[in-house]
$ cat upload01.cif   # mmCIF, C-alpha atoms and all ligand atoms
data_input
loop_
_atom_site.label_atom_id
_atom_site.label_comp_id
_atom_site.auth_asym_id
_atom_site.auth_seq_id
_atom_site.Cartn_x
_atom_site.Cartn_y
_atom_site.Cartn_z
CA MET R 1 -13.60 -10.44 6.38
CA ALA R 2 -12.95 -13.59 4.32
CA GLY R 3 -11.27 -13.40 0.93
CA LYS R 4 -8.82 -10.95 -0.54
CA PRO R 5 -9.50 -7.42 -1.77
CA VAL R 6 -8.96 -6.89 -5.49
CA LEU R 7 -6.91 -3.86 -6.50
CA TYR R 8 -7.31 -2.34 -9.95
CA GLY R 9 -4.07 -0.56 -10.69
CA ALA R 10 -1.49 0.50 -13.23
CA THR R 11 2.26 0.87 -13.30
CA GLY R 12 3.45 4.23 -11.98
CA CYS R 13 -0.08 5.25 -11.01
CA GLY R 14 -1.76 6.06 -7.71
CA SER R 15 -2.39 2.38 -7.06
CA ALA R 16 1.32 2.06 -6.20
CA VAL R 17 0.80 3.64 -2.79
CA VAL R 18 -2.02 1.22 -2.08
CA GLU R 19 0.24 -1.72 -2.92
CA ALA R 20 2.93 -0.28 -0.63
CA ALA R 21 0.39 0.07 2.18
CA PHE R 22 -0.78 -3.53 1.71
CA ILE R 23 2.84 -4.69 1.97
CA LEU R 24 3.51 -2.70 5.16
CA ALA R 25 0.21 -3.87 6.64
CA GLY R 26 1.07 -7.48 5.82
CA MET R 27 -2.17 -7.95 3.86
CA ASP R 28 -2.71 -10.04 0.72
CA TYR R 29 -4.52 -8.65 -2.28
CA ASP R 30 -5.28 -9.66 -5.85
CA TYR R 31 -4.23 -7.31 -8.61
CA VAL R 32 -5.88 -6.46 -11.92
CA ASP R 33 -3.86 -4.38 -14.35
CA ALA R 34 -6.14 -1.61 -15.63
CA ASN R 35 -3.93 1.03 -17.22
CA PRO R 36 -6.40 3.86 -18.02
CA TRP R 37 -4.43 4.74 -21.17
CA GLU R 38 -4.48 1.29 -22.84
CA PRO R 39 -7.44 -0.92 -23.77
CA SER R 40 -7.40 -4.21 -21.85
CA ASP R 41 -9.76 -6.68 -20.21
CA GLY R 42 -8.79 -5.12 -16.88
CA LEU R 43 -9.78 -1.69 -18.11
CA THR R 44 -13.13 -2.99 -19.36
CA ALA R 45 -13.72 -4.51 -15.93
CA LEU R 46 -12.70 -1.27 -14.23
CA LYS R 47 -15.16 0.72 -16.36
CA SER R 48 -17.99 -1.47 -15.10
CA ILE R 49 -17.28 -0.68 -11.45
CA ASN R 50 -15.85 2.89 -11.51
CA PRO R 51 -17.51 5.30 -13.95
CA LEU R 52 -14.55 7.71 -13.62
CA VAL R 53 -12.31 4.84 -14.79
CA GLN R 54 -9.57 5.70 -12.31
CA VAL R 55 -7.01 3.67 -10.44
CA PRO R 56 -6.71 2.84 -7.64
CA THR R 57 -10.07 1.14 -7.35
CA LEU R 58 -10.49 -1.54 -4.72
CA VAL R 59 -13.17 -4.21 -4.51
CA LEU R 60 -13.55 -5.47 -0.96
CA PRO R 61 -14.20 -9.15 -0.23
CA ASP R 62 -17.88 -8.35 0.39
CA GLY R 63 -18.17 -6.71 -3.04
CA VAL R 64 -18.11 -3.09 -1.88
CA VAL R 65 -16.24 -0.88 -4.36
CA MET R 66 -13.86 1.75 -3.01
CA THR R 67 -12.28 4.56 -5.00
CA GLU R 68 -10.07 7.43 -3.75
CA SER R 69 -6.56 6.49 -2.73
CA VAL R 70 -6.76 8.19 0.66
CA ALA R 71 -9.98 6.39 1.57
CA ILE R 72 -8.38 3.08 0.61
CA LEU R 73 -5.31 3.84 2.73
CA LEU R 74 -7.49 4.66 5.73
CA TRP R 75 -9.45 1.44 5.16
CA ILE R 76 -6.21 -0.56 5.20
CA MET R 77 -5.25 1.17 8.46
CA ASP R 78 -8.62 0.16 9.91
CA GLN R 79 -7.78 -3.47 9.15
CA ARG R 80 -4.41 -3.26 10.93
CA PRO R 81 -4.69 -0.78 13.83
CA GLY R 82 -1.33 0.51 14.96
CA ARG R 83 0.27 0.23 11.54
CA LEU R 84 0.85 2.85 8.85
CA GLY R 85 0.24 5.87 11.03
CA PRO R 86 -0.87 7.30 14.36
CA GLY R 87 -4.18 6.03 15.70
CA PRO R 88 -7.16 8.12 16.88
CA ASP R 89 -5.73 8.77 20.36
CA ASP R 90 -2.28 9.79 19.19
CA PRO R 91 -1.47 13.54 19.33
CA LEU R 92 0.08 13.19 15.86
CA ARG R 93 -3.24 12.03 14.39
CA ALA R 94 -4.61 15.47 13.42
CA GLY R 95 -1.49 16.42 11.48
CA PHE R 96 -1.36 12.99 9.92
CA LEU R 97 -4.94 13.30 8.64
CA ARG R 98 -4.37 16.85 7.43
CA TRP R 99 -1.37 16.03 5.27
CA LEU R 100 -2.65 12.63 4.20
CA VAL R 101 -5.72 14.28 2.68
CA TYR R 102 -3.78 17.32 1.42
CA LEU R 103 -1.87 15.18 -1.07
CA PRO R 104 -4.89 13.81 -2.98
CA ALA R 105 -6.97 16.95 -2.42
CA ALA R 106 -4.44 19.66 -3.32
CA ILE R 107 -1.87 17.94 -5.55
CA TYR R 108 -3.41 14.87 -7.20
CA PRO R 109 -6.15 16.84 -9.07
CA MET R 110 -3.41 18.76 -10.88
CA TYR R 111 -2.63 15.50 -12.68
CA THR R 112 -6.28 14.99 -13.63
CA VAL R 113 -5.93 18.32 -15.44
CA ARG R 114 -2.45 17.93 -16.94
CA ASP R 115 -2.86 14.28 -18.02
CA PHE R 116 -5.96 15.19 -20.06
CA VAL R 117 -5.27 18.84 -20.76
CA ASP R 118 -7.22 18.77 -24.06
CA GLN R 119 -10.39 18.12 -22.05
CA TRP R 120 -10.00 21.45 -20.26
CA VAL R 121 -8.84 23.92 -22.92
CA THR R 122 -8.28 23.97 -26.67
CA GLY R 123 -5.29 25.23 -28.63
CA GLU R 124 -1.61 24.39 -28.26
CA GLN R 125 -0.72 27.56 -26.38
CA ALA R 126 -3.58 27.32 -23.92
CA MET R 127 -2.74 23.68 -23.26
CA ALA R 128 0.95 24.43 -22.69
CA GLU R 129 0.06 27.31 -20.35
CA LEU R 130 -2.39 25.22 -18.38
CA LYS R 131 0.16 22.42 -18.02
CA GLN R 132 2.71 24.92 -16.72
CA SER R 133 0.14 26.28 -14.28
CA THR R 134 -0.38 22.81 -12.85
CA VAL R 135 3.38 22.48 -12.29
CA ASN R 136 3.47 25.88 -10.59
CA ARG R 137 0.65 24.84 -8.30
CA ILE R 138 2.19 21.44 -7.54
CA LEU R 139 5.46 23.14 -6.56
CA LEU R 140 3.63 25.66 -4.38
CA CYS R 141 1.89 22.79 -2.61
CA TRP R 142 5.18 20.95 -1.95
CA LYS R 143 6.79 24.18 -0.73
CA THR R 144 3.87 24.81 1.63
CA MET R 145 4.05 21.30 3.04
CA GLU R 146 7.81 21.53 3.53
CA ALA R 147 7.49 24.84 5.36
CA ALA R 148 4.84 23.42 7.67
CA LEU R 149 6.45 20.06 8.45
CA LYS R 150 10.16 21.00 8.31
CA PRO R 151 11.20 17.34 8.01
CA ALA R 152 14.29 16.58 10.11
CA ALA R 153 17.20 14.84 8.41
CA GLY R 154 16.95 11.06 8.66
CA SER R 155 13.42 11.04 10.08
CA TRP R 156 9.99 10.21 8.70
CA LEU R 157 7.68 13.12 7.89
CA LEU R 158 5.90 13.18 11.22
CA GLY R 159 8.88 12.08 13.29
CA THR R 160 7.27 8.68 13.94
CA ALA R 161 9.27 5.55 14.79
CA ASP R 162 8.28 3.85 11.51
CA MET R 163 7.14 5.25 8.20
CA THR R 164 3.47 6.06 7.79
CA ALA R 165 1.07 6.10 4.86
CA LEU R 166 2.02 9.77 4.47
CA ASP R 167 5.65 8.85 3.78
CA LEU R 168 4.53 6.25 1.22
CA TYR R 169 2.29 8.77 -0.53
CA VAL R 170 5.08 11.35 -0.73
CA CYS R 171 7.47 8.75 -2.12
CA MET R 172 5.05 8.03 -4.97
CA MET R 173 3.87 11.55 -5.76
CA THR R 174 7.34 13.09 -5.88
CA ARG R 175 8.07 10.66 -8.74
CA TRP R 176 5.49 12.44 -10.84
CA THR R 177 6.01 15.63 -12.85
CA PRO R 178 7.87 17.87 -12.12
CA ARG R 179 9.71 15.01 -10.37
CA ARG R 180 12.28 14.83 -7.62
CA ASP R 181 15.03 17.15 -8.84
CA THR R 182 12.66 20.04 -9.41
CA ILE R 183 10.67 19.38 -6.25
CA ARG R 184 13.91 19.19 -4.23
CA ALA R 185 14.54 22.88 -4.98
CA VAL R 186 11.42 23.87 -3.00
CA ALA R 187 11.02 20.89 -0.66
CA PRO R 188 14.42 19.28 0.05
CA GLY R 189 13.32 17.64 3.29
CA ILE R 190 10.31 16.01 1.68
CA VAL R 191 12.40 14.61 -1.18
CA ALA R 192 14.92 13.27 1.36
CA VAL R 193 12.08 11.40 3.09
CA ALA R 194 10.90 10.07 -0.29
CA GLU R 195 14.38 8.73 -0.98
CA ARG R 196 14.46 7.10 2.44
CA VAL R 197 11.19 5.34 1.60
CA ASP R 198 12.67 4.25 -1.77
CA ASP R 199 15.43 2.41 0.04
CA ASP R 200 13.29 0.62 2.62
CA PRO R 201 13.73 -3.12 1.98
CA ARG R 202 10.03 -3.78 2.51
CA VAL R 203 8.99 -1.69 -0.47
CA ARG R 204 12.16 -1.26 -2.55
CA ALA R 205 11.18 -3.90 -5.14
CA LEU R 206 7.69 -2.43 -5.48
CA TRP R 207 9.00 1.05 -6.24
CA ARG R 208 11.47 -0.36 -8.77
CA ARG R 209 8.61 -2.10 -10.56
CA HIS R 210 6.54 1.08 -10.67
CA PHE R 211 9.33 3.58 -11.22
CA PRO R 212 12.21 1.89 -13.07
CA ALA R 213 15.26 3.90 -14.12
CA GLY R 214 14.19 6.38 -16.77
CA TYR R 215 10.53 6.44 -15.65
CA THR R 216 8.61 9.46 -16.89
CA ASP R 217 4.93 10.25 -16.53
CA ILE R 218 2.89 12.27 -19.00
N1 LIG M 301 -8.92 11.02 -6.57
C1 LIG M 301 -8.37 9.82 -7.10
C2 LIG M 301 -7.52 10.11 -8.33
C3 LIG M 301 -7.10 8.85 -9.04
C4 LIG M 301 -6.45 9.16 -10.38
O1 LIG M 301 -6.55 10.28 -10.91
N2 LIG M 301 -5.79 8.16 -10.93
C5 LIG M 301 -5.19 8.29 -12.24
C6 LIG M 301 -3.97 7.42 -12.39
S1 LIG M 301 -2.64 7.95 -11.36
C7 LIG M 301 -6.19 7.83 -13.26
O2 LIG M 301 -6.78 6.79 -13.10
N3 LIG M 301 -6.38 8.63 -14.30
C8 LIG M 301 -7.29 8.30 -15.36
C9 LIG M 301 -8.42 9.30 -15.44
O3 LIG M 301 -8.56 10.16 -14.56
O4 LIG M 301 -9.18 9.20 -16.41
C10 LIG M 301 -7.55 9.11 -6.02
O5 LIG M 301 -7.01 9.77 -5.13
O6 LIG M 301 -7.46 7.88 -6.05
#

$ encode --input "upload01.cif" --output "structure tokens"
Amino acid sequence: MAGKPVLYGATGCGSAVVEAAFILAGMDYDYVDANPWEPSDGLTALKSINPLVQVPTLVLPDGVVMTESVAILLWIMDQRPGRLGPGPDDPLRAGFLRWLVYLPAAIYPMYTVRDFVDQWVTGEQAMAELKQSTVNRILLCWKTMEAALKPAAGSWLLGTADMTALDLYVCMMTRWTPRRDTIRAVAPGIVAVAERVDDDPRVRALWRRHFPAGYTDI
């Protein structure tokens, strides 16, 4: 496919994992900053191609628009078979797919609620309670994943030779509320993997750009 894909993204947002995957896959991409919380030309352009106005959104060289971070990650893997995770014939594939989809299906929607809590309930108390409920659910999800995967010290989540898209995803999402220190209490092995991904020289600069010291989400 000629030309480069165009990634609509924002600092600290779900587009970070797509950038990390492009780096590990050795693929070039163009980037349009489209922070959903700040008016910009990029945001206006994003609105015209994604009615939900969410990042990541990817425009393929042939003009096809992709949304959904997990779909974009799987598309990148299609472009570079053998990288970023086990392929279709690998016995690890089923578990890889399960947990790769679990993150955006079970955890990511909690942020759609908590980032825009006034769209779901009214009143300060109800909003505070709903926000707390999203944190409770996020922690339950991390705890469940930890119990199932039991990550071994010093290994990647699935015990693969190199990190996979799953490790990248976990690195990004554990940065979000309630953040690493709180998540560590219920999922220490997962946070250890996230920290290992932080330090990988291939993606270290990217994470620093997205999650500088003192980073906080909403
Ligand atoms: N299901 C989507 C969720 C994307 C998403 O919620 N992105 C956030 C930024 S991290 C966003 O754009 N929020 C703005 C909004 O939902 O209006 C995915 O997995 O890519």

$ atom_distance --input "upload01.cif" --atom1 "CA of Asp115 (chain R)" --atom2 "CA of Leu103 (chain R)"
17.0 Å

$ axis_aligned_box --input "upload01.cif" --around "ligand LIG 301 (chain M)" --padding-each-side "5 Å" --output "lines of an AutoDock Vina configuration file"
center_x = -5.9
center_y = 8.9
center_z = -10.8
size_x = 16.5
size_y = 14.2
size_z = 21.3

$ atom_distance --input "upload01.cif" --atom1 "atom O4 of ligand LIG 301 (chain M)" --atom2 "CA of Ala126 (chain R)"
20.4 Å

$ atom_distance --input "upload01.cif" --atom1 "CA of Arg179 (chain R)" --atom2 "CA of Asp30 (chain R)"
29.2 Å

$ closest_atom_pairs --input "upload01.cif" --of "chain R" --to "ligand LIG 301 (chain M)" --cutoff "9 Å" --atoms "only C-alpha atoms and all ligand atoms" --output "JSON lines"
{"residue": "R:Gly9", "atom": "CA", "partner": "M:LIG301", "partner_atom": "C6", "distance": 8.2}
{"residue": "R:Ala10", "atom": "CA", "partner": "M:LIG301", "partner_atom": "C6", "distance": 7.4}
{"residue": "R:Thr11", "atom": "CA", "partner": "M:LIG301", "partner_atom": "S1", "distance": 8.8}
{"residue": "R:Gly12", "atom": "CA", "partner": "M:LIG301", "partner_atom": "S1", "distance": 7.2}
{"residue": "R:Cys13", "atom": "CA", "partner": "M:LIG301", "partner_atom": "S1", "distance": 3.7}
{"residue": "R:Gly14", "atom": "CA", "partner": "M:LIG301", "partner_atom": "S1", "distance": 4.2}
{"residue": "R:Ser15", "atom": "CA", "partner": "M:LIG301", "partner_atom": "S1", "distance": 7.0}
{"residue": "R:Ala16", "atom": "CA", "partner": "M:LIG301", "partner_atom": "S1", "distance": 8.8}
{"residue": "R:Ala34", "atom": "CA", "partner": "M:LIG301", "partner_atom": "O2", "distance": 8.8}
{"residue": "R:Asn35", "atom": "CA", "partner": "M:LIG301", "partner_atom": "O2", "distance": 7.6}
{"residue": "R:Pro36", "atom": "CA", "partner": "M:LIG301", "partner_atom": "C8", "distance": 5.3}
{"residue": "R:Trp37", "atom": "CA", "partner": "M:LIG301", "partner_atom": "C8", "distance": 7.4}
{"residue": "R:Leu52", "atom": "CA", "partner": "M:LIG301", "partner_atom": "O4", "distance": 6.2}
{"residue": "R:Val53", "atom": "CA", "partner": "M:LIG301", "partner_atom": "O4", "distance": 5.6}
{"residue": "R:Gln54", "atom": "CA", "partner": "M:LIG301", "partner_atom": "O2", "distance": 3.1}
{"residue": "R:Val55", "atom": "CA", "partner": "M:LIG301", "partner_atom": "O2", "distance": 4.1}
{"residue": "R:Pro56", "atom": "CA", "partner": "M:LIG301", "partner_atom": "O6", "distance": 5.3}
{"residue": "R:Thr57", "atom": "CA", "partner": "M:LIG301", "partner_atom": "O6", "distance": 7.3}
{"residue": "R:Thr67", "atom": "CA", "partner": "M:LIG301", "partner_atom": "O6", "distance": 5.9}
{"residue": "R:Glu68", "atom": "CA", "partner": "M:LIG301", "partner_atom": "O6", "distance": 3.5}
{"residue": "R:Ser69", "atom": "CA", "partner": "M:LIG301", "partner_atom": "O6", "distance": 3.7}
{"residue": "R:Val70", "atom": "CA", "partner": "M:LIG301", "partner_atom": "O5", "distance": 6.0}
{"residue": "R:Ala71", "atom": "CA", "partner": "M:LIG301", "partner_atom": "O5", "distance": 8.1}
{"residue": "R:Ile72", "atom": "CA", "partner": "M:LIG301", "partner_atom": "O6", "distance": 8.3}
{"residue": "R:Leu103", "atom": "CA", "partner": "M:LIG301", "partner_atom": "O5", "distance": 8.5}
{"residue": "R:Pro104", "atom": "CA", "partner": "M:LIG301", "partner_atom": "O5", "distance": 5.0}
{"residue": "R:Ala105", "atom": "CA", "partner": "M:LIG301", "partner_atom": "N1", "distance": 7.5}
{"residue": "R:Tyr108", "atom": "CA", "partner": "M:LIG301", "partner_atom": "C2", "distance": 6.4}
{"residue": "R:Pro109", "atom": "CA", "partner": "M:LIG301", "partner_atom": "O1", "distance": 6.8}
{"residue": "R:Tyr111", "atom": "CA", "partner": "M:LIG301", "partner_atom": "O1", "distance": 6.8}
{"residue": "R:Thr112", "atom": "CA", "partner": "M:LIG301", "partner_atom": "O3", "distance": 5.4}
{"residue": "R:Val113", "atom": "CA", "partner": "M:LIG301", "partner_atom": "O3", "distance": 8.6}
{"residue": "R:Asp115", "atom": "CA", "partner": "M:LIG301", "partner_atom": "N3", "distance": 7.6}
{"residue": "R:Phe116", "atom": "CA", "partner": "M:LIG301", "partner_atom": "O4", "distance": 7.7}

$ closest_residue --input "upload01.cif" --among "R:Val6, R:Met172, R:Val121, R:Leu130" --to "Trp207 (chain R)" --atoms "only C-alpha atoms"
R:Met172

$ closest_residue --input "upload01.cif" --among "R:Ile190, R:Leu46, R:Cys171, R:Pro201" --to "Glu146 (chain R)" --atoms "all atoms listed in the file"
R:Ile190

$ residues_around --input "upload01.cif" --residues "Val193 (chain R)" --least-positions-apart "6" --cutoff "12 Å" --atoms "all atoms listed in the file" --output "number ranges by chain"
R: 146, 149-159, 162-164, 166-172, 174, 180, 184, 187, 199-200

$ write_last_selection --input "upload01.cif" --atoms "C-alpha atoms" --output "tab-separated table (two decimals), in the frame of the given file"
chain	number	residue	atom	x	y	z
R	146	GLU	CA	7.81	21.53	3.53
R	149	LEU	CA	6.45	20.06	8.45
R	150	LYS	CA	10.16	21.00	8.31
R	151	PRO	CA	11.20	17.34	8.01
R	152	ALA	CA	14.29	16.58	10.11
R	153	ALA	CA	17.20	14.84	8.41
R	154	GLY	CA	16.95	11.06	8.66
R	155	SER	CA	13.42	11.04	10.08
R	156	TRP	CA	9.99	10.21	8.70
R	157	LEU	CA	7.68	13.12	7.89
R	158	LEU	CA	5.90	13.18	11.22
R	159	GLY	CA	8.88	12.08	13.29
R	162	ASP	CA	8.28	3.85	11.51
R	163	MET	CA	7.14	5.25	8.20
R	164	THR	CA	3.47	6.06	7.79
R	166	LEU	CA	2.02	9.77	4.47
R	167	ASP	CA	5.65	8.85	3.78
R	168	LEU	CA	4.53	6.25	1.22
R	169	TYR	CA	2.29	8.77	-0.53
R	170	VAL	CA	5.08	11.35	-0.73
R	171	CYS	CA	7.47	8.75	-2.12
R	172	MET	CA	5.05	8.03	-4.97
R	174	THR	CA	7.34	13.09	-5.88
R	180	ARG	CA	12.28	14.83	-7.62
R	184	ARG	CA	13.91	19.19	-4.23
R	187	ALA	CA	11.02	20.89	-0.66
R	199	ASP	CA	15.43	2.41	0.04
R	200	ASP	CA	13.29	0.62	2.62

$ build_atoms --input "upload01.cif" --residues "region 96-113 of chain R" --atoms "N, CA, C and O atoms" --output "PDB file, in the frame of the given file"
ATOM      1  N   PHE R  96      -1.405  14.098  10.874  1.00  0.00           N
ATOM      2  CA  PHE R  96      -1.360  12.990   9.920  1.00  0.00           C
ATOM      3  C   PHE R  96      -2.539  13.063   8.952  1.00  0.00           C
ATOM      4  O   PHE R  96      -2.377  12.995   7.730  1.00  0.00           O
ATOM      5  N   LEU R  97      -3.747  13.243   9.493  1.00  0.00           N
ATOM      6  CA  LEU R  97      -4.940  13.300   8.640  1.00  0.00           C
ATOM      7  C   LEU R  97      -4.878  14.504   7.704  1.00  0.00           C
ATOM      8  O   LEU R  97      -5.215  14.422   6.522  1.00  0.00           O
ATOM      9  N   ARG R  98      -4.443  15.636   8.264  1.00  0.00           N
ATOM     10  CA  ARG R  98      -4.370  16.850   7.430  1.00  0.00           C
ATOM     11  C   ARG R  98      -3.505  16.617   6.206  1.00  0.00           C
ATOM     12  O   ARG R  98      -3.939  16.855   5.075  1.00  0.00           O
ATOM     13  N   TRP R  99      -2.294  16.139   6.402  1.00  0.00           N
ATOM     14  CA  TRP R  99      -1.370  16.030   5.270  1.00  0.00           C
ATOM     15  C   TRP R  99      -1.681  14.833   4.397  1.00  0.00           C
ATOM     16  O   TRP R  99      -1.434  14.847   3.182  1.00  0.00           O
ATOM     17  N   LEU R 100      -2.262  13.804   4.998  1.00  0.00           N
ATOM     18  CA  LEU R 100      -2.650  12.630   4.200  1.00  0.00           C
ATOM     19  C   LEU R 100      -3.716  13.009   3.174  1.00  0.00           C
ATOM     20  O   LEU R 100      -3.697  12.560   2.035  1.00  0.00           O
ATOM     21  N   VAL R 101      -4.648  13.860   3.594  1.00  0.00           N
ATOM     22  CA  VAL R 101      -5.720  14.280   2.680  1.00  0.00           C
ATOM     23  C   VAL R 101      -5.245  15.400   1.745  1.00  0.00           C
ATOM     24  O   VAL R 101      -5.690  15.506   0.601  1.00  0.00           O
ATOM     25  N   TYR R 102      -4.325  16.216   2.234  1.00  0.00           N
ATOM     26  CA  TYR R 102      -3.780  17.320   1.420  1.00  0.00           C
ATOM     27  C   TYR R 102      -3.222  16.798   0.093  1.00  0.00           C
ATOM     28  O   TYR R 102      -3.449  17.400  -0.972  1.00  0.00           O
ATOM     29  N   LEU R 103      -2.518  15.671   0.155  1.00  0.00           N
ATOM     30  CA  LEU R 103      -1.870  15.180  -1.070  1.00  0.00           C
ATOM     31  C   LEU R 103      -2.883  14.874  -2.174  1.00  0.00           C
ATOM     32  O   LEU R 103      -2.741  15.385  -3.291  1.00  0.00           O
ATOM     33  N   PRO R 104      -3.922  14.059  -1.910  1.00  0.00           N
ATOM     34  CA  PRO R 104      -4.890  13.810  -2.980  1.00  0.00           C
ATOM     35  C   PRO R 104      -5.865  14.963  -3.210  1.00  0.00           C
ATOM     36  O   PRO R 104      -6.477  15.052  -4.274  1.00  0.00           O
ATOM     37  N   ALA R 105      -6.015  15.848  -2.225  1.00  0.00           N
ATOM     38  CA  ALA R 105      -6.970  16.950  -2.420  1.00  0.00           C
ATOM     39  C   ALA R 105      -6.326  18.137  -3.131  1.00  0.00           C
ATOM     40  O   ALA R 105      -6.943  18.762  -4.003  1.00  0.00           O
ATOM     41  N   ALA R 106      -5.073  18.453  -2.775  1.00  0.00           N
ATOM     42  CA  ALA R 106      -4.440  19.660  -3.320  1.00  0.00           C
ATOM     43  C   ALA R 106      -3.558  19.352  -4.528  1.00  0.00           C
ATOM     44  O   ALA R 106      -3.505  20.139  -5.477  1.00  0.00           O
ATOM     45  N   ILE R 107      -2.865  18.215  -4.498  1.00  0.00           N
ATOM     46  CA  ILE R 107      -1.870  17.940  -5.550  1.00  0.00           C
ATOM     47  C   ILE R 107      -2.393  16.997  -6.629  1.00  0.00           C
ATOM     48  O   ILE R 107      -2.254  17.280  -7.827  1.00  0.00           O
ATOM     49  N   TYR R 108      -3.002  15.893  -6.227  1.00  0.00           N
ATOM     50  CA  TYR R 108      -3.410  14.870  -7.200  1.00  0.00           C
ATOM     51  C   TYR R 108      -4.322  15.430  -8.305  1.00  0.00           C
ATOM     52  O   TYR R 108      -4.157  15.091  -9.492  1.00  0.00           O
ATOM     53  N   PRO R 109      -5.275  16.327  -7.991  1.00  0.00           N
ATOM     54  CA  PRO R 109      -6.150  16.840  -9.070  1.00  0.00           C
ATOM     55  C   PRO R 109      -5.386  17.584 -10.162  1.00  0.00           C
ATOM     56  O   PRO R 109      -5.875  17.693 -11.295  1.00  0.00           O
ATOM     57  N   MET R 110      -4.213  18.094  -9.835  1.00  0.00           N
ATOM     58  CA  MET R 110      -3.410  18.760 -10.880  1.00  0.00           C
ATOM     59  C   MET R 110      -3.069  17.784 -12.004  1.00  0.00           C
ATOM     60  O   MET R 110      -2.928  18.181 -13.165  1.00  0.00           O
ATOM     61  N   TYR R 111      -2.948  16.506 -11.650  1.00  0.00           N
ATOM     62  CA  TYR R 111      -2.630  15.500 -12.680  1.00  0.00           C
ATOM     63  C   TYR R 111      -3.868  15.136 -13.494  1.00  0.00           C
ATOM     64  O   TYR R 111      -3.752  14.800 -14.669  1.00  0.00           O
ATOM     65  N   THR R 112      -5.044  15.222 -12.869  1.00  0.00           N
ATOM     66  CA  THR R 112      -6.280  14.990 -13.630  1.00  0.00           C
ATOM     67  C   THR R 112      -6.386  16.041 -14.736  1.00  0.00           C
ATOM     68  O   THR R 112      -6.854  15.766 -15.837  1.00  0.00           O
ATOM     69  N   VAL R 113      -5.912  17.252 -14.434  1.00  0.00           N
ATOM     70  CA  VAL R 113      -5.930  18.320 -15.440  1.00  0.00           C
ATOM     71  C   VAL R 113      -4.805  18.097 -16.460  1.00  0.00           C
ATOM     72  O   VAL R 113      -5.041  18.037 -17.663  1.00  0.00           O
TER      73      VAL R 113
END
